file final10.txt (compact mmCIF, N, CA and C atoms)
# COMPACT_ATOMS: atom_id res chain seq x y z
N MET A 1 0.85 -1.18 0.00
CA MET A 1 0.00 0.00 0.00
C MET A 1 0.89 1.24 0.00
N SER A 2 0.57 2.21 -0.83
CA SER A 2 1.39 3.43 -0.95
C SER A 2 1.13 4.36 0.24
N TYR A 3 2.04 5.33 0.41
CA TYR A 3 1.83 6.33 1.45
C TYR A 3 0.53 7.09 1.21
N THR A 4 0.24 7.39 -0.04
CA THR A 4 -1.01 8.10 -0.35
C THR A 4 -2.20 7.33 0.16
N ASP A 5 -2.24 6.04 -0.09
CA ASP A 5 -3.35 5.20 0.39
C ASP A 5 -3.39 5.16 1.91
N LYS A 6 -2.24 5.02 2.54
CA LYS A 6 -2.18 4.95 4.00
C LYS A 6 -2.63 6.27 4.63
N ILE A 7 -2.19 7.38 4.06
CA ILE A 7 -2.57 8.71 4.58
C ILE A 7 -4.08 8.90 4.45
N LYS A 8 -4.61 8.58 3.26
CA LYS A 8 -6.06 8.73 3.06
C LYS A 8 -6.84 7.84 4.02
N GLN A 9 -6.32 6.66 4.28
CA GLN A 9 -6.98 5.73 5.21
C GLN A 9 -7.05 6.33 6.61
N VAL A 10 -5.97 6.97 7.06
CA VAL A 10 -5.95 7.60 8.38
C VAL A 10 -6.91 8.79 8.40
N ILE A 11 -6.84 9.64 7.38
CA ILE A 11 -7.70 10.83 7.32
C ILE A 11 -9.17 10.42 7.32
N ASP A 12 -9.51 9.47 6.48
CA ASP A 12 -10.91 9.06 6.33
C ASP A 12 -11.40 8.19 7.48
N GLY A 13 -10.50 7.48 8.14
CA GLY A 13 -10.90 6.54 9.17
C GLY A 13 -10.78 7.05 10.60
N SER A 14 -10.37 8.29 10.77
CA SER A 14 -10.18 8.84 12.11
C SER A 14 -11.14 10.00 12.35
N ASP A 15 -11.67 10.08 13.56
CA ASP A 15 -12.48 11.25 13.90
C ASP A 15 -11.60 12.50 13.86
N VAL A 16 -10.46 12.43 14.54
CA VAL A 16 -9.50 13.54 14.55
C VAL A 16 -8.12 12.95 14.28
N ALA A 17 -7.47 13.44 13.24
CA ALA A 17 -6.12 12.99 12.90
C ALA A 17 -5.18 14.18 12.94
N ILE A 18 -4.00 13.97 13.51
CA ILE A 18 -2.96 14.98 13.49
C ILE A 18 -1.71 14.36 12.89
N PHE A 19 -1.23 14.98 11.84
CA PHE A 19 0.03 14.59 11.23
C PHE A 19 1.06 15.56 11.80
N MET A 20 2.00 15.01 12.54
CA MET A 20 2.90 15.84 13.33
C MET A 20 4.34 15.36 13.25
N LYS A 21 5.23 16.18 13.73
CA LYS A 21 6.62 15.78 13.87
C LYS A 21 6.78 15.20 15.27
N GLY A 22 6.98 13.90 15.33
CA GLY A 22 7.07 13.20 16.60
C GLY A 22 5.76 12.51 16.92
N THR A 23 5.58 12.20 18.20
CA THR A 23 4.40 11.48 18.67
C THR A 23 3.78 12.27 19.83
N PRO A 24 2.57 11.94 20.24
CA PRO A 24 1.98 12.65 21.38
C PRO A 24 2.84 12.59 22.65
N SER A 25 3.54 11.50 22.85
CA SER A 25 4.38 11.40 24.04
C SER A 25 5.74 12.06 23.87
N PHE A 26 6.12 12.37 22.62
CA PHE A 26 7.41 13.01 22.38
C PHE A 26 7.35 13.85 21.10
N ALA A 27 6.71 15.01 21.21
CA ALA A 27 6.62 15.92 20.07
C ALA A 27 8.00 16.46 19.74
N MET A 28 8.33 16.46 18.46
CA MET A 28 9.66 16.89 18.02
C MET A 28 9.64 18.29 17.41
N CYS A 29 8.55 19.02 17.65
CA CYS A 29 8.39 20.33 17.04
C CYS A 29 7.42 21.12 17.89
N GLY A 30 7.74 22.37 18.15
CA GLY A 30 6.88 23.21 18.97
C GLY A 30 5.49 23.38 18.39
N ASN A 31 5.39 23.54 17.08
CA ASN A 31 4.08 23.72 16.46
C ASN A 31 3.23 22.46 16.58
N SER A 32 3.84 21.30 16.41
CA SER A 32 3.11 20.04 16.58
C SER A 32 2.60 19.93 18.01
N ASP A 33 3.42 20.29 18.97
CA ASP A 33 3.04 20.23 20.37
C ASP A 33 1.90 21.21 20.67
N ARG A 34 1.96 22.41 20.12
CA ARG A 34 0.90 23.40 20.32
C ARG A 34 -0.44 22.92 19.79
N ALA A 35 -0.44 22.36 18.59
CA ALA A 35 -1.69 21.87 17.99
C ALA A 35 -2.25 20.71 18.82
N LEU A 36 -1.39 19.80 19.24
CA LEU A 36 -1.82 18.66 20.04
C LEU A 36 -2.42 19.12 21.37
N LYS A 37 -1.78 20.07 22.01
CA LYS A 37 -2.29 20.57 23.30
C LYS A 37 -3.64 21.26 23.12
N ALA A 38 -3.83 21.99 22.02
CA ALA A 38 -5.13 22.63 21.76
C ALA A 38 -6.21 21.57 21.57
N LEU A 39 -5.89 20.49 20.86
CA LEU A 39 -6.85 19.40 20.68
C LEU A 39 -7.18 18.74 22.02
N ARG A 40 -6.17 18.56 22.86
CA ARG A 40 -6.41 17.97 24.18
C ARG A 40 -7.32 18.85 25.02
N ARG A 41 -7.03 20.17 25.02
CA ARG A 41 -7.85 21.10 25.80
C ARG A 41 -9.30 21.10 25.32
N ALA A 42 -9.49 20.89 24.02
CA ALA A 42 -10.85 20.85 23.46
C ALA A 42 -11.53 19.51 23.73
N GLY A 43 -10.79 18.54 24.26
CA GLY A 43 -11.38 17.26 24.62
C GLY A 43 -11.39 16.22 23.51
N ALA A 44 -10.56 16.42 22.49
CA ALA A 44 -10.55 15.51 21.34
C ALA A 44 -9.68 14.28 21.60
N SER A 45 -10.17 13.15 21.16
CA SER A 45 -9.34 11.95 21.05
C SER A 45 -8.70 12.01 19.68
N VAL A 46 -7.42 11.71 19.60
CA VAL A 46 -6.71 11.90 18.33
C VAL A 46 -5.99 10.64 17.88
N THR A 47 -5.84 10.56 16.56
CA THR A 47 -4.96 9.60 15.94
C THR A 47 -3.78 10.40 15.41
N ALA A 48 -2.59 10.08 15.87
CA ALA A 48 -1.40 10.83 15.49
C ALA A 48 -0.53 10.03 14.53
N VAL A 49 0.03 10.75 13.56
CA VAL A 49 0.96 10.16 12.61
C VAL A 49 2.24 10.99 12.63
N ASP A 50 3.35 10.32 12.88
CA ASP A 50 4.66 10.96 12.84
C ASP A 50 5.13 11.02 11.39
N VAL A 51 5.39 12.24 10.90
CA VAL A 51 5.82 12.40 9.50
C VAL A 51 7.33 12.31 9.34
N LEU A 52 8.07 12.18 10.44
CA LEU A 52 9.54 12.22 10.37
C LEU A 52 10.23 10.97 9.83
N PRO A 53 9.67 9.76 9.97
CA PRO A 53 10.41 8.57 9.53
C PRO A 53 10.80 8.57 8.04
N ASP A 54 10.03 9.23 7.19
CA ASP A 54 10.32 9.22 5.76
C ASP A 54 9.82 10.53 5.15
N PRO A 55 10.69 11.31 4.49
CA PRO A 55 10.27 12.58 3.88
C PRO A 55 9.11 12.40 2.88
N ALA A 56 8.96 11.22 2.32
CA ALA A 56 7.88 10.97 1.36
C ALA A 56 6.51 11.08 2.01
N ILE A 57 6.41 10.80 3.31
CA ILE A 57 5.13 10.92 4.01
C ILE A 57 4.66 12.36 3.95
N ARG A 58 5.55 13.27 4.29
CA ARG A 58 5.20 14.70 4.29
C ARG A 58 4.86 15.18 2.88
N GLN A 59 5.62 14.73 1.90
CA GLN A 59 5.36 15.13 0.51
C GLN A 59 3.99 14.65 0.05
N GLU A 60 3.67 13.41 0.33
CA GLU A 60 2.38 12.85 -0.08
C GLU A 60 1.23 13.53 0.67
N LEU A 61 1.42 13.79 1.96
CA LEU A 61 0.40 14.47 2.75
C LEU A 61 0.10 15.85 2.17
N SER A 62 1.13 16.62 1.87
CA SER A 62 0.94 17.96 1.31
C SER A 62 0.29 17.91 -0.06
N ALA A 63 0.60 16.88 -0.84
CA ALA A 63 -0.04 16.72 -2.15
C ALA A 63 -1.54 16.44 -1.99
N ILE A 64 -1.89 15.67 -0.97
CA ILE A 64 -3.30 15.34 -0.73
C ILE A 64 -4.06 16.54 -0.19
N SER A 65 -3.48 17.22 0.79
CA SER A 65 -4.19 18.28 1.50
C SER A 65 -4.08 19.65 0.85
N GLY A 66 -3.01 19.86 0.09
CA GLY A 66 -2.76 21.19 -0.46
C GLY A 66 -2.20 22.15 0.58
N TRP A 67 -1.80 21.62 1.73
CA TRP A 67 -1.29 22.41 2.85
C TRP A 67 0.20 22.10 3.00
N PRO A 68 1.08 23.11 2.98
CA PRO A 68 2.51 22.83 2.92
C PRO A 68 3.20 22.53 4.25
N THR A 69 2.60 22.92 5.37
CA THR A 69 3.32 22.84 6.64
C THR A 69 2.79 21.72 7.53
N ILE A 70 3.59 21.42 8.53
CA ILE A 70 3.26 20.42 9.55
C ILE A 70 3.21 21.16 10.87
N PRO A 71 2.26 20.91 11.72
CA PRO A 71 1.28 19.84 11.72
C PRO A 71 0.10 20.13 10.81
N GLN A 72 -0.66 19.07 10.55
CA GLN A 72 -1.93 19.19 9.84
C GLN A 72 -2.97 18.42 10.64
N VAL A 73 -4.08 19.09 10.93
CA VAL A 73 -5.15 18.50 11.72
C VAL A 73 -6.38 18.33 10.85
N PHE A 74 -6.95 17.14 10.90
CA PHE A 74 -8.16 16.80 10.15
C PHE A 74 -9.24 16.36 11.12
N VAL A 75 -10.47 16.81 10.89
CA VAL A 75 -11.62 16.35 11.66
C VAL A 75 -12.60 15.75 10.67
N LYS A 76 -12.89 14.46 10.87
CA LYS A 76 -13.79 13.71 9.98
C LYS A 76 -13.43 13.93 8.50
N GLY A 77 -12.14 13.82 8.20
CA GLY A 77 -11.69 13.87 6.82
C GLY A 77 -11.47 15.26 6.26
N GLU A 78 -11.79 16.30 7.03
CA GLU A 78 -11.66 17.67 6.54
C GLU A 78 -10.49 18.38 7.22
N LEU A 79 -9.63 19.00 6.40
CA LEU A 79 -8.49 19.74 6.94
C LEU A 79 -8.98 20.93 7.74
N VAL A 80 -8.53 21.01 8.99
CA VAL A 80 -8.84 22.16 9.84
C VAL A 80 -7.73 23.19 9.72
N GLY A 81 -6.48 22.73 9.73
CA GLY A 81 -5.35 23.64 9.59
C GLY A 81 -4.16 23.17 10.40
N GLY A 82 -3.25 24.12 10.62
CA GLY A 82 -2.04 23.86 11.36
C GLY A 82 -2.13 24.40 12.78
N ALA A 83 -0.99 24.58 13.41
CA ALA A 83 -0.94 24.95 14.82
C ALA A 83 -1.62 26.29 15.10
N ASP A 84 -1.32 27.32 14.33
CA ASP A 84 -1.90 28.64 14.60
C ASP A 84 -3.42 28.60 14.49
N ILE A 85 -3.92 27.99 13.43
CA ILE A 85 -5.37 27.94 13.22
C ILE A 85 -6.05 27.12 14.30
N VAL A 86 -5.49 25.96 14.63
CA VAL A 86 -6.10 25.10 15.64
C VAL A 86 -6.10 25.79 17.00
N GLU A 87 -5.01 26.48 17.34
CA GLU A 87 -4.97 27.21 18.61
C GLU A 87 -6.01 28.33 18.63
N GLU A 88 -6.10 29.09 17.55
CA GLU A 88 -7.08 30.18 17.48
C GLU A 88 -8.50 29.64 17.61
N LEU A 89 -8.79 28.54 16.92
CA LEU A 89 -10.12 27.94 17.00
C LEU A 89 -10.41 27.44 18.42
N GLU A 90 -9.41 26.87 19.07
CA GLU A 90 -9.60 26.38 20.43
C GLU A 90 -9.86 27.54 21.38
N GLN A 91 -9.11 28.62 21.24
CA GLN A 91 -9.27 29.77 22.14
C GLN A 91 -10.61 30.46 21.95
N SER A 92 -11.13 30.46 20.74
CA SER A 92 -12.41 31.12 20.47
C SER A 92 -13.61 30.21 20.78
N GLY A 93 -13.35 28.93 21.02
CA GLY A 93 -14.43 27.98 21.25
C GLY A 93 -14.92 27.31 19.97
N GLU A 94 -14.42 27.75 18.82
CA GLU A 94 -14.87 27.19 17.54
C GLU A 94 -14.39 25.76 17.33
N LEU A 95 -13.24 25.40 17.92
CA LEU A 95 -12.76 24.02 17.76
C LEU A 95 -13.73 23.06 18.44
N ALA A 96 -14.15 23.38 19.65
CA ALA A 96 -15.12 22.53 20.36
C ALA A 96 -16.43 22.47 19.58
N GLU A 97 -16.86 23.59 19.01
CA GLU A 97 -18.08 23.62 18.21
C GLU A 97 -17.95 22.71 16.98
N THR A 98 -16.80 22.78 16.32
CA THR A 98 -16.55 21.94 15.14
C THR A 98 -16.56 20.47 15.53
N LEU A 99 -15.88 20.13 16.61
CA LEU A 99 -15.84 18.75 17.08
C LEU A 99 -17.24 18.26 17.42
N ARG A 100 -18.01 19.08 18.09
CA ARG A 100 -19.37 18.70 18.47
C ARG A 100 -20.24 18.50 17.22
N ALA A 101 -20.10 19.42 16.26
CA ALA A 101 -20.92 19.34 15.04
C ALA A 101 -20.59 18.10 14.22
N LYS A 102 -19.31 17.74 14.15
CA LYS A 102 -18.89 16.63 13.31
C LYS A 102 -18.90 15.28 14.02
N LEU A 103 -18.72 15.30 15.35
CA LEU A 103 -18.59 14.05 16.09
C LEU A 103 -19.75 13.77 17.04
N GLY A 104 -20.62 14.75 17.25
CA GLY A 104 -21.74 14.56 18.15
C GLY A 104 -21.52 15.25 19.48
N ASP A 105 -22.60 15.46 20.19
CA ASP A 105 -22.54 16.19 21.45
C ASP A 105 -21.68 15.53 22.51
N ASP A 106 -21.56 14.22 22.46
CA ASP A 106 -20.81 13.51 23.49
C ASP A 106 -19.38 13.19 23.07
N TYR A 107 -18.84 13.93 22.10
CA TYR A 107 -17.48 13.63 21.62
C TYR A 107 -16.45 13.68 22.74
N SER A 108 -16.65 14.55 23.72
CA SER A 108 -15.65 14.67 24.78
C SER A 108 -16.01 13.86 26.02
N ALA A 109 -17.14 13.14 25.97
CA ALA A 109 -17.54 12.33 27.12
C ALA A 109 -16.72 11.05 27.22
N ALA A 110 -16.26 10.59 26.07
CA ALA A 110 -15.46 9.36 26.07
C ALA A 110 -14.08 9.64 26.66
N GLU A 111 -13.44 8.59 27.09
CA GLU A 111 -12.08 8.73 27.59
C GLU A 111 -11.21 9.20 26.43
N HIS A 112 -10.40 10.22 26.68
CA HIS A 112 -9.57 10.78 25.62
C HIS A 112 -8.45 9.80 25.30
N ASP A 113 -8.39 9.48 24.05
CA ASP A 113 -7.47 8.45 23.59
C ASP A 113 -6.52 9.07 22.58
N GLU A 114 -5.28 8.69 22.65
CA GLU A 114 -4.31 9.11 21.65
C GLU A 114 -3.65 7.86 21.10
N SER A 115 -3.95 7.57 19.84
CA SER A 115 -3.31 6.43 19.20
C SER A 115 -2.30 6.95 18.20
N VAL A 116 -1.27 6.15 17.97
CA VAL A 116 -0.21 6.51 17.04
C VAL A 116 -0.22 5.49 15.92
N VAL A 117 -0.23 5.99 14.70
CA VAL A 117 -0.21 5.14 13.52
C VAL A 117 1.12 5.35 12.81
N SER A 118 1.79 4.28 12.50
CA SER A 118 3.06 4.35 11.76
C SER A 118 2.78 4.04 10.29
N LEU A 119 3.22 4.93 9.41
CA LEU A 119 3.03 4.72 7.98
C LEU A 119 4.26 4.11 7.33
N ALA A 120 5.40 4.26 7.97
CA ALA A 120 6.66 3.79 7.36
C ALA A 120 6.84 2.29 7.53
call {"tool": "encode", "arguments": {"input": "final10.txt", "output": "structure tokens"}}
result
Amino acid sequence: MSYTDKIKQVIDGSDVAIFMKGTPSFAMCGNSDRALKALRRAGASVTAVDVLPDPAIRQELSAISGWPTIPQVFVKGELVGGADIVEELEQSGELAETLRAKLGDDYSAAEHDESVVSLA
């Protein structure tokens, strides 16, 4: 399976996906950490993908999303944005509204889970 197929599978199969540098337990980039923390504060369970193991992952991701930078956050298959946008949405309350609209009113009632998917 190609990286393109694997990336699309994560985007389409996850409620909230974050493509980041590093993992939730060891973010390798300040922006990735900021986006992850905003998602946590909003109560989102996330599927994280580390883009660092192979430069082709990042290239394929950007080709799919049309977004050049990392991190990239998707909610129900739709690109939300990177660290600045996700933080702004979280601070304004719009991130929680988006999560509720796309995932249901009880999206934050479940235990917050962070899974890591390896594409390499």
call {"tool": "atom_distance", "arguments": {"input": "final10.txt", "atom1": "CA of Ile7 in chain A", "atom2": "atom N of Ser65 in chain A"}}
result
9.4 Å
call {"tool": "atom_distance", "arguments": {"input": "final10.txt", "atom1": "CA of Ala44 in chain A", "atom2": "CA of Val117 in chain A"}}
result
16.6 Å
call {"tool": "residues_around", "arguments": {"input": "final10.txt", "residues": "Ala17 in chain A", "least_positions_apart": "2", "cutoff": "7 Å", "atoms": "only C-alpha atoms", "output": "ChimeraX atom specification"}}
result
/A:11,14-15,19,46-48,73-75
call {"tool": "closest_residue", "arguments": {"input": "final10.txt", "among": "A:Leu119, A:Leu79, A:Ser108, A:Ser45", "to": "Val16 in chain A", "atoms": "all atoms listed in the file"}}
result
A:Ser45
call {"tool": "atom_distance", "arguments": {"input": "final10.txt", "atom1": "CA of Gln72 in chain A", "atom2": "CA of Met20 in chain A"}}
result
6.8 Å
call {"tool": "closest_residue", "arguments": {"input": "final10.txt", "among": "A:Val51, A:Ser115, A:Gly82, A:Lys76", "to": "Ala101 in chain A", "atoms": "only C-alpha atoms"}}
result
A:Lys76
call {"tool": "select_by_dssp", "arguments": {"input": "final10.txt", "residues": "chain A", "states": "alpha helix (DSSP H)", "output": "CSV table (one decimal) with N, CA and C atoms, keeping the file's coordinate frame"}}
result
chain,number,residue,atom,x,y,z
A,3,TYR,N,2.0,5.3,0.4
A,3,TYR,CA,1.8,6.3,1.4
A,3,TYR,C,0.5,7.1,1.2
A,4,THR,N,0.2,7.4,0.0
A,4,THR,CA,-1.0,8.1,-0.4
A,4,THR,C,-2.2,7.3,0.2
A,5,ASP,N,-2.2,6.0,-0.1
A,5,ASP,CA,-3.4,5.2,0.4
A,5,ASP,C,-3.4,5.2,1.9
A,6,LYS,N,-2.2,5.0,2.5
A,6,LYS,CA,-2.2,5.0,4.0
A,6,LYS,C,-2.6,6.3,4.6
A,7,ILE,N,-2.2,7.4,4.1
A,7,ILE,CA,-2.6,8.7,4.6
A,7,ILE,C,-4.1,8.9,4.4
A,8,LYS,N,-4.6,8.6,3.3
A,8,LYS,CA,-6.1,8.7,3.1
A,8,LYS,C,-6.8,7.8,4.0
A,9,GLN,N,-6.3,6.7,4.3
A,9,GLN,CA,-7.0,5.7,5.2
A,9,GLN,C,-7.0,6.3,6.6
A,10,VAL,N,-6.0,7.0,7.1
A,10,VAL,CA,-6.0,7.6,8.4
A,10,VAL,C,-6.9,8.8,8.4
A,11,ILE,N,-6.8,9.6,7.4
A,11,ILE,CA,-7.7,10.8,7.3
A,11,ILE,C,-9.2,10.4,7.3
A,12,ASP,N,-9.5,9.5,6.5
A,12,ASP,CA,-10.9,9.1,6.3
A,12,ASP,C,-11.4,8.2,7.5
A,13,GLY,N,-10.5,7.5,8.1
A,13,GLY,CA,-10.9,6.5,9.2
A,13,GLY,C,-10.8,7.0,10.6
A,30,GLY,N,7.7,22.4,18.2
A,30,GLY,CA,6.9,23.2,19.0
A,30,GLY,C,5.5,23.4,18.4
A,31,ASN,N,5.4,23.5,17.1
A,31,ASN,CA,4.1,23.7,16.5
A,31,ASN,C,3.2,22.5,16.6
A,32,SER,N,3.8,21.3,16.4
A,32,SER,CA,3.1,20.0,16.6
A,32,SER,C,2.6,19.9,18.0
A,33,ASP,N,3.4,20.3,19.0
A,33,ASP,CA,3.0,20.2,20.4
A,33,ASP,C,1.9,21.2,20.7
A,34,ARG,N,2.0,22.4,20.1
A,34,ARG,CA,0.9,23.4,20.3
A,34,ARG,C,-0.4,22.9,19.8
A,35,ALA,N,-0.4,22.4,18.6
A,35,ALA,CA,-1.7,21.9,18.0
A,35,ALA,C,-2.2,20.7,18.8
A,36,LEU,N,-1.4,19.8,19.2
A,36,LEU,CA,-1.8,18.7,20.0
A,36,LEU,C,-2.4,19.1,21.4
A,37,LYS,N,-1.8,20.1,22.0
A,37,LYS,CA,-2.3,20.6,23.3
A,37,LYS,C,-3.6,21.3,23.1
A,38,ALA,N,-3.8,22.0,22.0
A,38,ALA,CA,-5.1,22.6,21.8
A,38,ALA,C,-6.2,21.6,21.6
A,39,LEU,N,-5.9,20.5,20.9
A,39,LEU,CA,-6.8,19.4,20.7
A,39,LEU,C,-7.2,18.7,22.0
A,40,ARG,N,-6.2,18.6,22.9
A,40,ARG,CA,-6.4,18.0,24.2
A,40,ARG,C,-7.3,18.8,25.0
A,41,ARG,N,-7.0,20.2,25.0
A,41,ARG,CA,-7.8,21.1,25.8
A,41,ARG,C,-9.3,21.1,25.3
A,55,PRO,N,10.7,11.3,4.5
A,55,PRO,CA,10.3,12.6,3.9
A,55,PRO,C,9.1,12.4,2.9
A,56,ALA,N,9.0,11.2,2.3
A,56,ALA,CA,7.9,11.0,1.4
A,56,ALA,C,6.5,11.1,2.0
A,57,ILE,N,6.4,10.8,3.3
A,57,ILE,CA,5.1,10.9,4.0
A,57,ILE,C,4.7,12.4,4.0
A,58,ARG,N,5.6,13.3,4.3
A,58,ARG,CA,5.2,14.7,4.3
A,58,ARG,C,4.9,15.2,2.9
A,59,GLN,N,5.6,14.7,1.9
A,59,GLN,CA,5.4,15.1,0.5
A,59,GLN,C,4.0,14.6,0.0
A,60,GLU,N,3.7,13.4,0.3
A,60,GLU,CA,2.4,12.8,-0.1
A,60,GLU,C,1.2,13.5,0.7
A,61,LEU,N,1.4,13.8,2.0
A,61,LEU,CA,0.4,14.5,2.8
A,61,LEU,C,0.1,15.8,2.2
A,62,SER,N,1.1,16.6,1.9
A,62,SER,CA,0.9,18.0,1.3
A,62,SER,C,0.3,17.9,-0.1
A,63,ALA,N,0.6,16.9,-0.8
A,63,ALA,CA,0.0,16.7,-2.2
A,63,ALA,C,-1.5,16.4,-2.0
A,64,ILE,N,-1.9,15.7,-1.0
A,64,ILE,CA,-3.3,15.3,-0.7
A,64,ILE,C,-4.1,16.5,-0.2
A,65,SER,N,-3.5,17.2,0.8
A,65,SER,CA,-4.2,18.3,1.5
A,65,SER,C,-4.1,19.6,0.8
A,83,ALA,N,-1.0,24.6,13.4
A,83,ALA,CA,-0.9,25.0,14.8
A,83,ALA,C,-1.6,26.3,15.1
A,84,ASP,N,-1.3,27.3,14.3
A,84,ASP,CA,-1.9,28.6,14.6
A,84,ASP,C,-3.4,28.6,14.5
A,85,ILE,N,-3.9,28.0,13.4
A,85,ILE,CA,-5.4,27.9,13.2
A,85,ILE,C,-6.0,27.1,14.3
A,86,VAL,N,-5.5,26.0,14.6
A,86,VAL,CA,-6.1,25.1,15.6
A,86,VAL,C,-6.1,25.8,17.0
A,87,GLU,N,-5.0,26.5,17.3
A,87,GLU,CA,-5.0,27.2,18.6
A,87,GLU,C,-6.0,28.3,18.6
A,88,GLU,N,-6.1,29.1,17.6
A,88,GLU,CA,-7.1,30.2,17.5
A,88,GLU,C,-8.5,29.6,17.6
A,89,LEU,N,-8.8,28.5,16.9
A,89,LEU,CA,-10.1,27.9,17.0
A,89,LEU,C,-10.4,27.4,18.4
A,90,GLU,N,-9.4,26.9,19.1
A,90,GLU,CA,-9.6,26.4,20.4
A,90,GLU,C,-9.9,27.5,21.4
A,91,GLN,N,-9.1,28.6,21.2
A,91,GLN,CA,-9.3,29.8,22.1
A,91,GLN,C,-10.6,30.5,22.0
A,92,SER,N,-11.1,30.5,20.7
A,92,SER,CA,-12.4,31.1,20.5
A,92,SER,C,-13.6,30.2,20.8
A,94,GLU,N,-14.4,27.8,18.8
A,94,GLU,CA,-14.9,27.2,17.5
A,94,GLU,C,-14.4,25.8,17.3
A,95,LEU,N,-13.2,25.4,17.9
A,95,LEU,CA,-12.8,24.0,17.8
A,95,LEU,C,-13.7,23.1,18.4
A,96,ALA,N,-14.2,23.4,19.6
A,96,ALA,CA,-15.1,22.5,20.4
A,96,ALA,C,-16.4,22.5,19.6
A,97,GLU,N,-16.9,23.6,19.0
A,97,GLU,CA,-18.1,23.6,18.2
A,97,GLU,C,-18.0,22.7,17.0
A,98,THR,N,-16.8,22.8,16.3
A,98,THR,CA,-16.6,21.9,15.1
A,98,THR,C,-16.6,20.5,15.5
A,99,LEU,N,-15.9,20.1,16.6
A,99,LEU,CA,-15.8,18.8,17.1
A,99,LEU,C,-17.2,18.3,17.4
A,100,ARG,N,-18.0,19.1,18.1
A,100,ARG,CA,-19.4,18.7,18.5
A,100,ARG,C,-20.2,18.5,17.2
A,101,ALA,N,-20.1,19.4,16.3
A,101,ALA,CA,-20.9,19.3,15.0
A,101,ALA,C,-20.6,18.1,14.2
A,102,LYS,N,-19.3,17.7,14.2
A,102,LYS,CA,-18.9,16.6,13.3
A,102,LYS,C,-18.9,15.3,14.0
A,103,LEU,N,-18.7,15.3,15.4
A,103,LEU,CA,-18.6,14.0,16.1
A,103,LEU,C,-19.8,13.8,17.0
call {"tool": "residues_near_point", "arguments": {"input": "final10.txt", "point": "(5.6, 18.6, 15.5)", "cutoff": "6 Å", "atoms": "only C-alpha atoms", "output": "list of chain:residue names"}}
result
A:Met20, A:Lys21, A:Gly22, A:Ala27, A:Met28, A:Cys29, A:Gly30, A:Asn31, A:Ser32, A:Asp33, A:Pro71
call {"tool": "write_last_selection", "arguments": {"input": "final10.txt", "atoms": "N, CA and C atoms", "output": "PDB file, in the frame of the given file"}}
result
ATOM      1  N   MET A  20       2.000  15.010  12.540  1.00  0.00           N
ATOM      2  CA  MET A  20       2.900  15.840  13.330  1.00  0.00           C
ATOM      3  C   MET A  20       4.340  15.360  13.250  1.00  0.00           C
ATOM      4  N   LYS A  21       5.230  16.180  13.730  1.00  0.00           N
ATOM      5  CA  LYS A  21       6.620  15.780  13.870  1.00  0.00           C
ATOM      6  C   LYS A  21       6.780  15.200  15.270  1.00  0.00           C
ATOM      7  N   GLY A  22       6.980  13.900  15.330  1.00  0.00           N
ATOM      8  CA  GLY A  22       7.070  13.200  16.600  1.00  0.00           C
ATOM      9  C   GLY A  22       5.760  12.510  16.920  1.00  0.00           C
ATOM     10  N   ALA A  27       6.710  15.010  21.210  1.00  0.00           N
ATOM     11  CA  ALA A  27       6.620  15.920  20.070  1.00  0.00           C
ATOM     12  C   ALA A  27       8.000  16.460  19.740  1.00  0.00           C
ATOM     13  N   MET A  28       8.330  16.460  18.460  1.00  0.00           N
ATOM     14  CA  MET A  28       9.660  16.890  18.020  1.00  0.00           C
ATOM     15  C   MET A  28       9.640  18.290  17.410  1.00  0.00           C
ATOM     16  N   CYS A  29       8.550  19.020  17.650  1.00  0.00           N
ATOM     17  CA  CYS A  29       8.390  20.330  17.040  1.00  0.00           C
ATOM     18  C   CYS A  29       7.420  21.120  17.890  1.00  0.00           C
ATOM     19  N   GLY A  30       7.740  22.370  18.150  1.00  0.00           N
ATOM     20  CA  GLY A  30       6.880  23.210  18.970  1.00  0.00           C
ATOM     21  C   GLY A  30       5.490  23.380  18.390  1.00  0.00           C
ATOM     22  N   ASN A  31       5.390  23.540  17.080  1.00  0.00           N
ATOM     23  CA  ASN A  31       4.080  23.720  16.460  1.00  0.00           C
ATOM     24  C   ASN A  31       3.230  22.460  16.580  1.00  0.00           C
ATOM     25  N   SER A  32       3.840  21.300  16.410  1.00  0.00           N
ATOM     26  CA  SER A  32       3.110  20.040  16.580  1.00  0.00           C
ATOM     27  C   SER A  32       2.600  19.930  18.010  1.00  0.00           C
ATOM     28  N   ASP A  33       3.420  20.290  18.970  1.00  0.00           N
ATOM     29  CA  ASP A  33       3.040  20.230  20.370  1.00  0.00           C
ATOM     30  C   ASP A  33       1.900  21.210  20.670  1.00  0.00           C
ATOM     31  N   PRO A  71       2.260  20.910  11.720  1.00  0.00           N
ATOM     32  CA  PRO A  71       1.280  19.840  11.720  1.00  0.00           C
ATOM     33  C   PRO A  71       0.100  20.130  10.810  1.00  0.00           C
TER      34      PRO A  71
END
call {"tool": "residues_around", "arguments": {"input": "final10.txt", "residues": "Ala96 in chain A", "least_positions_apart": "5", "cutoff": "10 Å", "atoms": "only C-alpha atoms", "output": "PyMOL selection string"}}
result
chain A and resi 39+41-44+89-91+101-102+105+107-108
call {"tool": "closest_residue", "arguments": {"input": "final10.txt", "among": "A:Ala35, A:Asp50, A:Glu60, A:Asp12", "to": "Asp84 in chain A", "atoms": "only C-alpha atoms"}}
result
A:Ala35
call {"tool": "axis_aligned_box", "arguments": {"input": "final10.txt", "around": "range 90-101 of chain A", "padding_each_side": "5 Å", "output": "lines of an AutoDock Vina configuration file"}}
result
center_x = -15.0
center_y = 24.6
center_z = 18.2
size_x = 21.8
size_y = 23.0
size_z = 17.9
call {"tool": "closest_residue", "arguments": {"input": "final10.txt", "among": "A:Ile64, A:Pro53, A:Met1, A:Ala38", "to": "Glu94 in chain A", "atoms": "only C-alpha atoms"}}
result
A:Ala38
call {"tool": "select_by_dssp", "arguments": {"input": "final10.txt", "residues": "chain A", "states": "strand (DSSP E or B)", "output": "PyMOL selection string"}}
result
chain A and resi 16-20+22-23+26-27+46-50+72-75+78-81+114-117
call {"tool": "closest_residue", "arguments": {"input": "final10.txt", "among": "A:Pro55, A:Pro68, A:Gly13, A:Gly81", "to": "Ala120 in chain A", "atoms": "only C-alpha atoms"}}
result
A:Pro55
